[in-house]
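Colleague: Quick one: this structure, given as structure tokens, is what I'll be asking you about.
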Amino acid sequence: MTDKTKKSEKKKPATSRKKEKAQQREIEKRNAVMLAFNKYYEEEWGSERWPVLLEALQKPVRHCMMINKYANIQELKTKLEPTLADLTMLDFLRIPCYASKSHSRFPAPSKDSAGVTDYYILDAGSVLATEALDIQPEDHVLDICAAPGGKTLSILQRLDAKYGQLTSNEIASDRRRRLRQVIESYIPANIAADLSTVVGKDGTKYYGEPEQYDKVLLDAPCSSERHVLHDEKEFEIWTPKRTQMNAKRQLALLKAAVHSVRVGGLVLYGTCSISSLENDKVIEKMIKKGKIPVEPVKQKWPVGEKTKYGWIMLPDRTEGWGPLYFALLKRTGASKEEEDSEEEEDE
Ligand SMILES: C[S@@+](CC[C@H](N)C(=O)[O-])C[C@H]1O[C@@H](n2cnc3c(N)ncnc32)[C@H](O)[C@@H]1O
């Protein structure tokens, strides 16, 4: 044995000890975050519900396939022939969506002979949220936080290319690129040209086009606890502060969304968070302190549960769908901010 190999053999236990210590620190850090996480959400959901909900959140995320009406359905039927027995149509959705009975993976989406992609894979809660906005074929719609584009696509399924219009906004340029790709690959070019526009503004400052839209969808960036639980790195940096910071940004986005909708129009606010600070509390602040009068439109849905102002789908009570919170707001009048400044001008 040479001196060199002897040295490296002596070193080995030291490095593995270092590694072990680092691993131990990681475990301790993760345990500490888990304690804080559990404490926070147990207070929110109660000691009976929380362990059940946590277990459901830790299971693999469930998806459905949303069929693209612009794709060739005959070709799609042939493609899905071998998996047909395992597919079940989701009867609580109006857009045709299928889930796997055995929770298996779907065949990957693919292009038909005309180059249009056949289906989009997403949480059924996302489709339900856009259905709650009750899009009519002729509506002018703003999707204020749109990438990667699942909800934008489901809105596009409902609009008439002659009369309807969708503006999809996304602040992050890489995600905006993805959004454009999604629209291009699912909507034939001539229809997309009439129906859809993609823009890249900061949604919290979306005040350039007041009262332009019949409907606004705000699928707000949020704490995404289910995603965080499945991502070690994200989980390690979780603190209760995160939900407070998100709630602030969400309220700013909601104010802009309400500003952009016409009087009598609807805003659908949604998140995939389980924190009430990011859900009902944001709506409550908008109703009670916002300068634009809005009222909640209460609706019941076949899947999920009622909250103070909206609806939530949680995986422990929906066969795995969600989390998805949504609340519908109707704008009932002009902005008091404008009235205030007009009064100031008169004085
Ligand atoms: C929950 S995701 C939207 C998911 C999308 N609606 C879908 O169904 O595919 C939130 C998006 O909002 C974007 N975002 C965050 N802050 C924003 C802002 N101030 N203005 C516009 N978009 C923003 C994020 O980059 C992210 O893509």
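Chains: A, B, ... in order of the structure tokens. Residues: from 1 per chain. Ligands: from 1, in order shown.
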Which residues sit within 7 Å of ligand 1, counting only C-alpha atoms and all ligand atoms, listed as a list of chain:residue names?
Modeller: A:Ser126, A:Ile144, A:Cys145, A:Ala146, A:Ala147, A:Pro148, A:Gly149, A:Gly150, A:Lys151, A:Thr152, A:Asn169, A:Glu170, A:Ile171, A:Ala172, A:Arg175, A:Lys201, A:Asp202, A:Gly203, A:Thr204, A:Asp219, A:Ala220, A:Pro221, A:Cys222, A:Leu253, A:Thr271
Colleague: Store the residues picked out above in a file with C-alpha atoms, as a CSV table (one decimal), in the first residue's frame.
Modeller:
chain,number,residue,atom,x,y,z
A,126,SER,CA,-58.5,24.0,-11.7
A,144,ILE,CA,-54.2,38.0,-14.8
A,145,CYS,CA,-51.7,35.3,-13.6
A,146,ALA,CA,-51.8,32.9,-16.5
A,147,ALA,CA,-48.7,30.7,-16.9
A,148,PRO,CA,-48.2,27.9,-17.5
A,149,GLY,CA,-51.7,28.1,-19.0
A,150,GLY,CA,-54.0,25.3,-17.8
A,151,LYS,CA,-56.8,27.7,-16.8
A,152,THR,CA,-56.2,30.0,-19.9
A,169,ASN,CA,-51.1,38.1,-18.4
A,170,GLU,CA,-47.9,36.7,-16.9
A,171,ILE,CA,-45.1,38.7,-15.3
A,172,ALA,CA,-42.3,36.1,-15.6
A,175,ARG,CA,-43.2,31.4,-17.8
A,201,LYS,CA,-47.5,43.2,-17.0
A,202,ASP,CA,-47.1,43.2,-13.2
A,203,GLY,CA,-50.6,42.2,-12.2
A,204,THR,CA,-50.6,44.3,-9.0
A,219,ASP,CA,-55.3,32.4,-10.0
A,220,ALA,CA,-52.9,34.0,-7.5
A,221,PRO,CA,-49.4,32.9,-6.7
A,222,CYS,CA,-49.7,31.3,-3.2
A,253,LEU,CA,-53.5,41.5,-7.3
A,271,THR,CA,-55.3,29.8,-4.9
Colleague: I want to know what sits within 8 Å of Arg158 of chain A, based on only C-alpha atoms, with residues of the same chain fewer than 4 positions away left out; could you give that as a ChimeraX atom specification?
Modeller: /A:135-137,154
Colleague: Emit the selected residues as a PDB file, in the first residue's frame, including N, CA and C atoms.
Modeller:
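Final output, again07.pdb:
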ATOM      1  N   ILE A 135     -67.991  31.389 -17.878  1.00  0.00           N
ATOM      2  CA  ILE A 135     -67.594  32.071 -19.119  1.00  0.00           C
ATOM      3  C   ILE A 135     -68.667  31.874 -20.194  1.00  0.00           C
ATOM      4  N   GLN A 136     -69.093  32.970 -20.802  1.00  0.00           N
ATOM      5  CA  GLN A 136     -70.030  32.916 -21.925  1.00  0.00           C
ATOM      6  C   GLN A 136     -69.235  33.099 -23.220  1.00  0.00           C
ATOM      7  N   PRO A 137     -69.740  32.532 -24.338  1.00  0.00           N
ATOM      8  CA  PRO A 137     -68.945  32.542 -25.574  1.00  0.00           C
ATOM      9  C   PRO A 137     -68.470  33.933 -26.000  1.00  0.00           C
ATOM     10  N   SER A 154     -58.590  26.321 -20.441  1.00  0.00           N
ATOM     11  CA  SER A 154     -59.975  25.941 -20.178  1.00  0.00           C
ATOM     12  C   SER A 154     -60.912  27.115 -20.465  1.00  0.00           C
TER      13      SER A 154
END
Colleague: Find the distance between atom CA of Glu42 of chain A and atom CA of Lys233 of chain A and write it in Å to one decimal.
Modeller: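 That distance, rounded to one decimal, is 22.4 Å.
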Colleague: Taking 2 positions as the minimum chain separation for residues in the same chain, which residues sit within 10 Å of Thr318 of chain A when counting only C-alpha atoms? Answer as a count of residues only.
Modeller: 15
Colleague: Set the distance at 12 Å and use only C-alpha atoms: which residues neighbour segment 44-47 of chain A once local chain neighbours fewer than 4 positions away are removed? I'd like the list as a compact mmCIF listing (two decimals) with C-alpha atoms, in the first residue's frame.
Modeller:
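Written file, out.txt:
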# COMPACT_ATOMS: atom_id res chain seq x y z
CA PHE A 37 -45.72 23.58 9.83
CA ASN A 38 -47.87 21.14 11.81
CA LYS A 39 -48.43 23.63 14.60
CA TYR A 40 -49.50 26.34 12.17
CA PRO A 51 -53.56 14.74 10.38
CA VAL A 52 -56.05 13.38 7.84
CA LEU A 53 -55.57 16.36 5.54
CA LEU A 54 -51.77 16.20 5.90
CA PRO A 240 -45.37 31.07 8.69
CA ILE A 274 -54.79 25.75 2.48
CA SER A 275 -54.11 28.92 4.48
CA SER A 276 -57.22 30.99 5.23
CA LEU A 277 -55.00 34.10 5.29
CA LEU A 314 -59.18 19.42 -0.32
Colleague: Taking the chain letters and numbering used in this document, name the residues of segment 32-259 of chain A that DSSP puts in helix (DSSP H, G or I), as a short mmCIF file (atom, residue, chain, number, x, y, z; two decimals) with C-alpha atoms, in the first residue's frame.
Modeller:
data_model
loop_
_atom_site.label_atom_id
_atom_site.label_comp_id
_atom_site.auth_asym_id
_atom_site.auth_seq_id
_atom_site.Cartn_x
_atom_site.Cartn_y
_atom_site.Cartn_z
CA ALA A 32 -38.06 21.64 13.12
CA VAL A 33 -39.86 22.93 10.01
CA MET A 34 -42.29 20.01 10.19
CA LEU A 35 -43.08 20.90 13.82
CA ALA A 36 -43.72 24.55 12.95
CA PHE A 37 -45.72 23.58 9.83
CA ASN A 38 -47.87 21.14 11.81
CA LYS A 39 -48.43 23.63 14.60
CA TYR A 40 -49.50 26.34 12.17
CA TYR A 41 -51.92 24.22 10.16
CA GLU A 42 -53.25 22.26 13.11
CA GLU A 43 -54.37 25.58 14.58
CA GLU A 44 -56.03 26.36 11.28
CA TRP A 45 -57.73 23.01 10.60
CA GLY A 46 -58.11 21.55 14.10
CA SER A 47 -56.45 18.52 15.67
CA GLU A 48 -58.95 16.04 14.16
CA ARG A 49 -58.89 17.22 10.56
CA TRP A 50 -55.24 18.21 10.21
CA PRO A 51 -53.56 14.74 10.38
CA VAL A 52 -56.05 13.38 7.84
CA LEU A 53 -55.57 16.36 5.54
CA LEU A 54 -51.77 16.20 5.90
CA GLU A 55 -51.75 12.53 4.94
CA ALA A 56 -53.81 13.30 1.83
CA LEU A 57 -51.54 16.23 0.92
CA GLN A 58 -48.49 13.95 1.13
CA ILE A 73 -61.53 13.54 -31.45
CA GLN A 74 -61.56 10.45 -33.70
CA GLU A 75 -57.77 10.26 -33.60
CA LEU A 76 -57.87 10.77 -29.83
CA LYS A 77 -60.36 7.91 -29.38
CA THR A 78 -58.02 5.59 -31.29
CA LYS A 79 -55.05 6.70 -29.20
CA LEU A 80 -56.90 6.14 -25.91
CA GLU A 81 -58.44 2.79 -26.93
CA PRO A 82 -56.01 0.69 -24.82
CA THR A 83 -56.60 2.82 -21.68
CA LEU A 84 -60.35 3.37 -22.10
CA ALA A 85 -61.43 0.86 -19.43
CA ASP A 86 -59.36 2.73 -16.82
CA ALA A 124 -59.73 18.83 -11.75
CA GLY A 125 -60.06 21.65 -9.19
CA SER A 126 -58.45 24.04 -11.69
CA VAL A 127 -61.13 23.23 -14.25
CA LEU A 128 -63.90 23.61 -11.68
CA ALA A 129 -62.55 27.04 -10.66
CA THR A 130 -62.75 28.35 -14.23
CA GLU A 131 -66.23 26.86 -14.60
CA ALA A 132 -67.30 28.85 -11.54
CA GLY A 150 -54.04 25.32 -17.79
CA LYS A 151 -56.80 27.75 -16.81
CA THR A 152 -56.21 29.95 -19.86
CA LEU A 153 -56.79 26.84 -21.99
CA SER A 154 -59.98 25.94 -20.18
CA ILE A 155 -61.28 29.51 -20.71
CA LEU A 156 -60.39 29.25 -24.40
CA SER A 173 -40.75 36.05 -19.06
CA ASP A 174 -39.75 32.35 -19.02
CA ARG A 175 -43.23 31.36 -17.83
CA ARG A 176 -44.78 33.72 -20.40
CA ARG A 177 -42.83 31.88 -23.10
CA ARG A 178 -44.27 28.58 -21.84
CA LEU A 179 -47.77 30.13 -21.82
CA ARG A 180 -47.38 31.20 -25.47
CA GLN A 181 -46.17 27.69 -26.39
CA VAL A 182 -49.18 26.12 -24.67
CA ILE A 183 -51.64 28.39 -26.52
CA GLU A 184 -49.85 27.79 -29.82
CA SER A 185 -49.87 24.05 -29.46
CA TYR A 186 -53.52 23.70 -28.35
CA ALA A 189 -53.40 29.63 -35.25
CA ASN A 190 -56.36 31.30 -37.03
CA ILE A 191 -58.58 30.92 -33.94
CA ALA A 192 -55.87 32.00 -31.49
CA ALA A 193 -55.25 35.11 -33.61
CA ASP A 194 -58.89 36.20 -33.08
CA LEU A 195 -59.30 35.01 -29.50
CA GLY A 203 -50.62 42.20 -12.24
CA THR A 204 -50.55 44.27 -9.05
CA LYS A 205 -50.32 47.34 -11.30
CA GLU A 225 -48.45 23.76 0.57
CA ARG A 226 -49.02 20.48 -1.25
CA HIS A 227 -46.22 21.28 -3.69
CA VAL A 228 -43.97 22.43 -0.82
CA LEU A 229 -44.53 19.14 1.04
CA GLU A 232 -37.49 19.03 0.23
CA LYS A 233 -35.64 22.23 -0.67
CA GLU A 234 -38.84 24.31 -0.71
CA PHE A 235 -40.00 22.71 2.53
CA GLU A 236 -36.77 23.56 4.37
CA PRO A 240 -45.37 31.07 8.69
CA LYS A 241 -44.21 34.44 7.31
CA ARG A 242 -44.55 33.09 3.79
CA THR A 243 -48.33 32.97 3.97
CA GLN A 244 -48.50 36.52 5.34
CA MET A 245 -46.33 37.86 2.51
CA ASN A 246 -48.37 35.99 -0.07
CA ALA A 247 -51.60 37.37 1.37
CA LYS A 248 -50.33 40.95 0.88
CA ARG A 249 -49.44 40.33 -2.76
CA GLN A 250 -52.73 38.52 -3.33
CA LEU A 251 -54.76 41.48 -2.05
CA ALA A 252 -52.81 43.84 -4.34
CA LEU A 253 -53.53 41.54 -7.29
CA LEU A 254 -57.20 41.24 -6.32
CA LYS A 255 -57.59 45.04 -6.18
CA ALA A 256 -56.19 45.27 -9.70
CA ALA A 257 -58.45 42.43 -10.88
CA VAL A 258 -61.55 44.16 -9.50
CA HIS A 259 -60.41 47.44 -11.06
#
